[in-house]
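Student: Attaching a single structure in structure tokens format; questions to follow.
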Amino acid sequence: MESSASVQEARQSIREEVRRLCQDFPDTYWQDVDKHEKYPQEFVSALTESGYLAALIPEEYGGAGLGITEASIILEEINRSGGNSAVCHAQMYTMGTLLRHGSDEQKSRYLPAIAQGKLRLQAFAVTEPNAGSETTRIETRAVRKGDRYIVNGQKIFISRAHYSDLMLLLARTTPYEELKDKTQGLSVFLVDMREVKKGLDIQPLDIMVNHHTTTVFFEDMEIPVESRIGEEGKGFRYIIDGWNAERILVASESIGDGRWFIDRASKYATNRVVFGKPIGTNQGIQFPIAKAYAHVEAADLMRFTAAAKFDRSEKCGAEANMAKLLASEAAWEAADVCMSTYGGYGFARDYDIERKFRETRLLVAAPVSNNMVLAFLGQNVLGMPKSY
Amino acid sequence: MKIISCMKPVPDPASRLIINETKTWIKDQDLTFVASEADNYALEEGLRLKEKHGGEVIVLSMGGEEAARVLRSGLAMGADRAIHLLDPKFKGADEFAAAATLAKAIEKDGGADLVLAGVQSDDLGTGMTGTMMAEFLGWVHATVVVGVEAAAGGKSLKARRELEGGINETVELPAPAVLTIQFGINQPRYASLKGIMAAKKKNFKVWTAADLGLADDAVGKAGAMYEVKEILIPEKKSKVEILGGTAEEATAALVEKLRKEAKVI
């Protein structure tokens with residue numbers, strides 16, 4: 001077994017090397033990408049070629065075989081450097097479902113190509129217009145017909161579907177009314193969008209952040225039976241297995257954002273002189289920054305607690321949810337404080353605060369609303385009665 | 001080819017630098033250190049020469065934990081092994097003492113065909129350590145190198161140097177030699193995730209002053225040729241002057257001031 005010093009050293013190296021890579025993609029790069037709603041192709045390629053997006057892929061399939069702790073450090077550093085890891089994080093979020101429940105054939109077919117960057121798995125299709133937080137209510141149907149499934153329905157807020165080769169799709173294989181256990185009846189499919197001949201229509205959705213978000217329409221889209229992951233009807237279970245990983249990773253991105261805002265705010269408060277002294281000498285400016293900093297650092301502890309439990313394969317639902325809650329709120333607090341510190345300049349696009357401000361706000365609401373996190377804690381951890 | 005690439009740890013350029021109490025250096029206890037930028041160009045050049053001609057690349061650094069970190073970064077980029085010169089006695093070295101210590105380490109490792117270093121460091125920027133190291137080793141050297149070719153199995157080197165006024169010159173040197181590498185000679189590679197994991201298993205030697213057979217007064221502050229009396233932040237001055245008169249008069253006055261006072265034209 002590796003010594004903990006050597007593990008810590010490697011984690012520190014990952015942090016430093018990702019930071020070094022990100023330095024080549026400064027504010028101006030992300031501003032340009034944001035302004036013109038471009039996909040940051042150069043950045044994603046650099047990250048992929050250096051193997052960072054294959055952190056979670058086992059070594060036997062060409063990845064690094066690392067844990068969620070290392071993956072979370074990678075995403076944190078991207079956001080910490082001013083970048084936006086949302087452009088590629090779905091590959092890490094979705095990996096768990098494929099790794100834990102995919103067949104050997106599926107894994108050996110796709111994972112080596114994903115690890116090499118020849119194939120992208122960055123689209124994750126769960127949410128629907130009539131089913132957001134209540135996932136068991138999704139309506140998109142996949143009906144088996146011989147060796148194919150015929151898919152009909154609609155998904156919304158599906159990011160980067162245009163920039164991904166593969167899509168992880170949750171669809172209903174048994175009608176809701178026929179189910180006793182409402183968490184059954186859903187199945188997960190790994191859709192190879194390159195091979196879909198017809199019935200798949202991806203339409204851009206104009207939103208506040210540059211996430212290349214889309215609405216995806218399925219109209220008699222045919223996919224082979226082999227694209228189903230695991231057993232039919234067990235998809236909801238497979239998807240929620242990945243949710244803890246997702247929450248830990250979102251927490252890490254939030255922590256990266258939070259640190260970025262604190263950095264910018266404290267530097268600006270130190271250098272900006274008004275009435276003959278730096279504005280940061282005023283406690284009205286200084287204390288909120290210090291407080292937001294403390295909150296970000298506290299959230300970071302919960303992130304590492306959750307990640308360590310996840311990597312030891314222990315139950316970590318409570319910690320993963322708390323990390324997501326605390327980190328996204330701390331990041332949003334830091335964003336707000338930074339905006340206040342910059343005053344009018346915070347709104348000027350050149351200062352780049354407003355871009356991050358928009359991006360970090362999303363993490364309070366997605367991929368799970370913080371109210372749902374509170375409901376989980378209240379009901380599943382503290383045993384209080386269910387509110388819905 | 002056996003190539004030794006020197007890496008100096010310097011504060012991360014994004015750090016906020018604060019002068020210490022004695023005003024002789026910055027407060028560096030809590031800073032994050034990275035490899036000096038030009039040293040990354042040097043290492044990349046070394047890795048490319050190895051890829052072309054075979055052999056090994058060794059990264060060499062002097063300092064505390066910060067030096068170990070830049071060496072791990074060098075290993076992650078692809079160097080084969082590392083030598084860390086670690087001893088409290090090395091602290092406070094100037095270019096002369098540093099060059100003497102690095103040269104001894106190179107000798108102890110059995111010499112090399114080529115030693116590379118950045119043209120200058122990001123912190124002191126004097127550009128002297130590389131040439132002094134060559135002198136201690138008794139080797140030839142070339143500075144401000146913007147292109148390297150090896151011939152005769154690494155026994156001979158062709159280096160293109162940058163001169164003033166946009167002119168380059170090409171010099172031929174017999175190996176072993178020391179080259180100091182100019183910024184921008186190449187595009188240093190990123191360390192890959194696999195490179196980081198592989199670095200953990202690579203040979204990492206740690207040598208003290210005693211291991212190098214160096215006397216206490218030859219290393220660190222005791223071996224230095226100069227002492228820093230004070231470091232300071234240049235005073236910032238700003239002045240506004242409105243030039244009166246007609247446009248022609250103001251223009252003439254402005255040109256006069258730019259020429260005689262500001263001395264920029």
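Letters A, B, ... mark the chains of the structure tokens in the order given; residue numbers begin at 1 per chain; ligand numbers begin at 1, in order shown.
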List every residue of region 87-276 of chain A that DSSP, applied to the backbone of this structure, places in strand (DSSP E or B), and write the result as a PyMOL selection string.

Tutor: chain A and resi 121-125+128+131+141-145+148-159+166-172+186-192+200-204+213-224+228-229+234+273-274

Student: Please report as a VMD selection string which residues of chain B come no farther than 9 Å from chain A, using only C-alpha atoms.

Tutor: chain B and resid 16 34 69 72 to 73 76 190 to 197 199 to 200

Student: Would you mind exporting the chosen residues as a compact mmCIF listing (two decimals), in the first residue's frame, restricted to C-alpha atoms?

Tutor:
# COMPACT_ATOMS: atom_id res chain seq x y z
CA ARG B 16 1.69 38.53 -3.29
CA VAL B 34 7.16 26.77 -9.02
CA ARG B 69 8.35 20.08 -5.57
CA ARG B 72 8.69 16.24 -8.91
CA SER B 73 7.23 18.53 -11.56
CA ALA B 76 6.19 14.40 -14.11
CA TYR B 190 2.29 19.87 -19.63
CA ALA B 191 2.90 17.16 -17.09
CA SER B 192 0.37 14.43 -17.79
CA LEU B 193 -1.64 12.72 -15.09
CA LYS B 194 0.18 9.48 -15.87
CA GLY B 195 3.48 11.35 -15.72
CA ILE B 196 2.63 12.57 -12.23
CA MET B 197 1.81 9.04 -11.08
CA ALA B 199 7.11 10.27 -11.09
CA LYS B 200 6.49 8.69 -7.70

Student: With a distance cut-off of 8 Å and only C-alpha atoms, select the neighbouring residues of Leu43 (chain B), excluding the residue or stretch itself and same-chain residues fewer than 5 positions from it, and output the selection as a PyMOL selection string.

Tutor: chain B and resi 5-6+59+74+116-117+188

Student: With C-alpha atoms retained, write the just-selected residues as a compact mmCIF listing (two decimals), in the first residue's frame.

Tutor:
# COMPACT_ATOMS: atom_id res chain seq x y z
CA SER B 5 18.64 20.09 -16.48
CA CYS B 6 18.79 22.58 -13.58
CA VAL B 59 16.67 17.19 -13.11
CA GLY B 74 10.27 17.86 -13.76
CA LEU B 116 20.97 22.94 -19.35
CA ALA B 117 19.67 25.86 -17.32
CA PRO B 188 7.12 23.25 -22.69

Student: Give me the residues near Tyr149 (chain A) as a PyMOL selection string, where near means some atom within 10 Å (using only C-alpha atoms) and where sequence neighbours in that chain fewer than 3 positions away do not count.

Tutor: chain A and resi 141-146+152+173+189+220-228

Student: Among region 87-231 of chain A, which ones does DSSP assign to helix (DSSP H, G or I) (computed from the backbone)? Answer as a VMD selection string.

Tutor: chain A and resid 87 90 to 101 104 to 116 135 to 137 161 to 163 176 to 178 193 to 195 225 to 227

Student: Between CA of Phe25 (chain A) and CA of Trp260 (chain A), what is the spacing in Å?

Tutor: 14.8 Å

Student: Identify, on the basis of only C-alpha atoms, every residue whose closest approach to Ile255 (chain A) does not exceed 7 Å; exclude the query and any residue fewer than 3 positions from it along the same chain; express the result as a list in words.

Tutor: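 Selected residues are Glu76, Ala251, Ser252, Gly258, Arg259, Val296, Asp300, Ala327 and Ala331 of chain A.
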
Student: With C-alpha atoms retained, could you export that selection as an mmCIF file, in the first residue's frame?

Tutor:
data_model
loop_
_atom_site.group_PDB
_atom_site.id
_atom_site.type_symbol
_atom_site.label_atom_id
_atom_site.label_comp_id
_atom_site.auth_asym_id
_atom_site.auth_seq_id
_atom_site.Cartn_x
_atom_site.Cartn_y
_atom_site.Cartn_z
ATOM 1 C CA GLU A 76 -11.332 22.614 -8.345
ATOM 2 C CA ALA A 251 -18.627 21.051 -4.324
ATOM 3 C CA SER A 252 -15.038 21.084 -5.573
ATOM 4 C CA GLY A 258 -14.907 30.597 -4.035
ATOM 5 C CA ARG A 259 -11.138 30.789 -3.799
ATOM 6 C CA VAL A 296 -15.143 28.384 1.668
ATOM 7 C CA ASP A 300 -13.500 22.352 1.712
ATOM 8 C CA ALA A 327 -19.572 24.784 -0.977
ATOM 9 C CA ALA A 331 -18.959 30.225 -3.409
#

Student: Considering only C-alpha atoms, state which residue in the set B:Glu21, B:Glu149, B:Glu162, B:Asp87 is at the smallest distance from Ala175 (chain B).

Tutor: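 Using only C-alpha atoms, Ala175 (chain B) sits closest to B:Glu149.
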
Student: Kindly indicate which residue among B:Ile181, B:Ala150, B:Ala218, B:Leu17 lies nearest to Lys52 (chain B), using only C-alpha atoms for the distances.

Tutor: B:Ala150

Student: Out of A:Val33, A:Ala308, A:Ile57, A:Leu363, which residue has the shortest atom-to-atom distance to Arg100 (chain A) when counting only C-alpha atoms?

Tutor: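 With only C-alpha atoms as the atom set, the closest residue is A:Ile57.
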
Student: Using only C-alpha atoms, which protein or nucleic acid residues come within 12 Å of Gly96 (chain A)? Drop anything in the same chain fewer than 3 positions from it, and give the result as a tab-separated table (two decimals) with C-alpha atoms, in the first residue's frame.

Tutor:
chain	number	residue	atom	x	y	z
A	55	ALA	CA	-8.51	10.35	-13.99
A	56	LEU	CA	-11.33	8.01	-13.01
A	57	ILE	CA	-10.89	5.50	-15.83
A	58	PRO	CA	-9.14	2.33	-14.58
A	67	GLY	CA	-10.31	8.32	-7.05
A	68	ILE	CA	-12.88	11.03	-6.68
A	90	ALA	CA	-19.84	15.57	-17.18
A	91	GLN	CA	-17.26	13.03	-18.28
A	92	MET	CA	-16.32	12.59	-14.65
A	93	TYR	CA	-19.89	12.74	-13.35
A	99	LEU	CA	-17.73	1.87	-14.50
A	100	ARG	CA	-19.95	0.28	-11.89
A	101	HIS	CA	-22.79	-1.00	-14.01
A	102	GLY	CA	-21.51	-1.19	-17.58
A	107	LYS	CA	-16.19	-0.72	-21.00
A	111	LEU	CA	-13.25	3.56	-22.12
A	121	LEU	CA	-18.82	11.28	-23.01
A	168	LEU	CA	-25.93	8.79	-21.02
A	229	ILE	CA	-26.35	-0.32	-19.14
A	238	TYR	CA	-27.63	3.21	-11.32
A	239	ILE	CA	-28.00	6.95	-11.81
A	240	ILE	CA	-28.29	7.83	-8.14
A	241	ASP	CA	-25.19	5.78	-7.49
A	242	GLY	CA	-23.37	8.45	-9.46
A	243	TRP	CA	-25.04	11.33	-7.67
A	244	ASN	CA	-22.73	11.31	-4.68
A	245	ALA	CA	-19.74	11.60	-7.00
A	246	GLU	CA	-21.49	14.41	-8.82
A	310	PHE	CA	-16.43	7.80	-1.32
A	311	ASP	CA	-12.95	6.54	-2.21
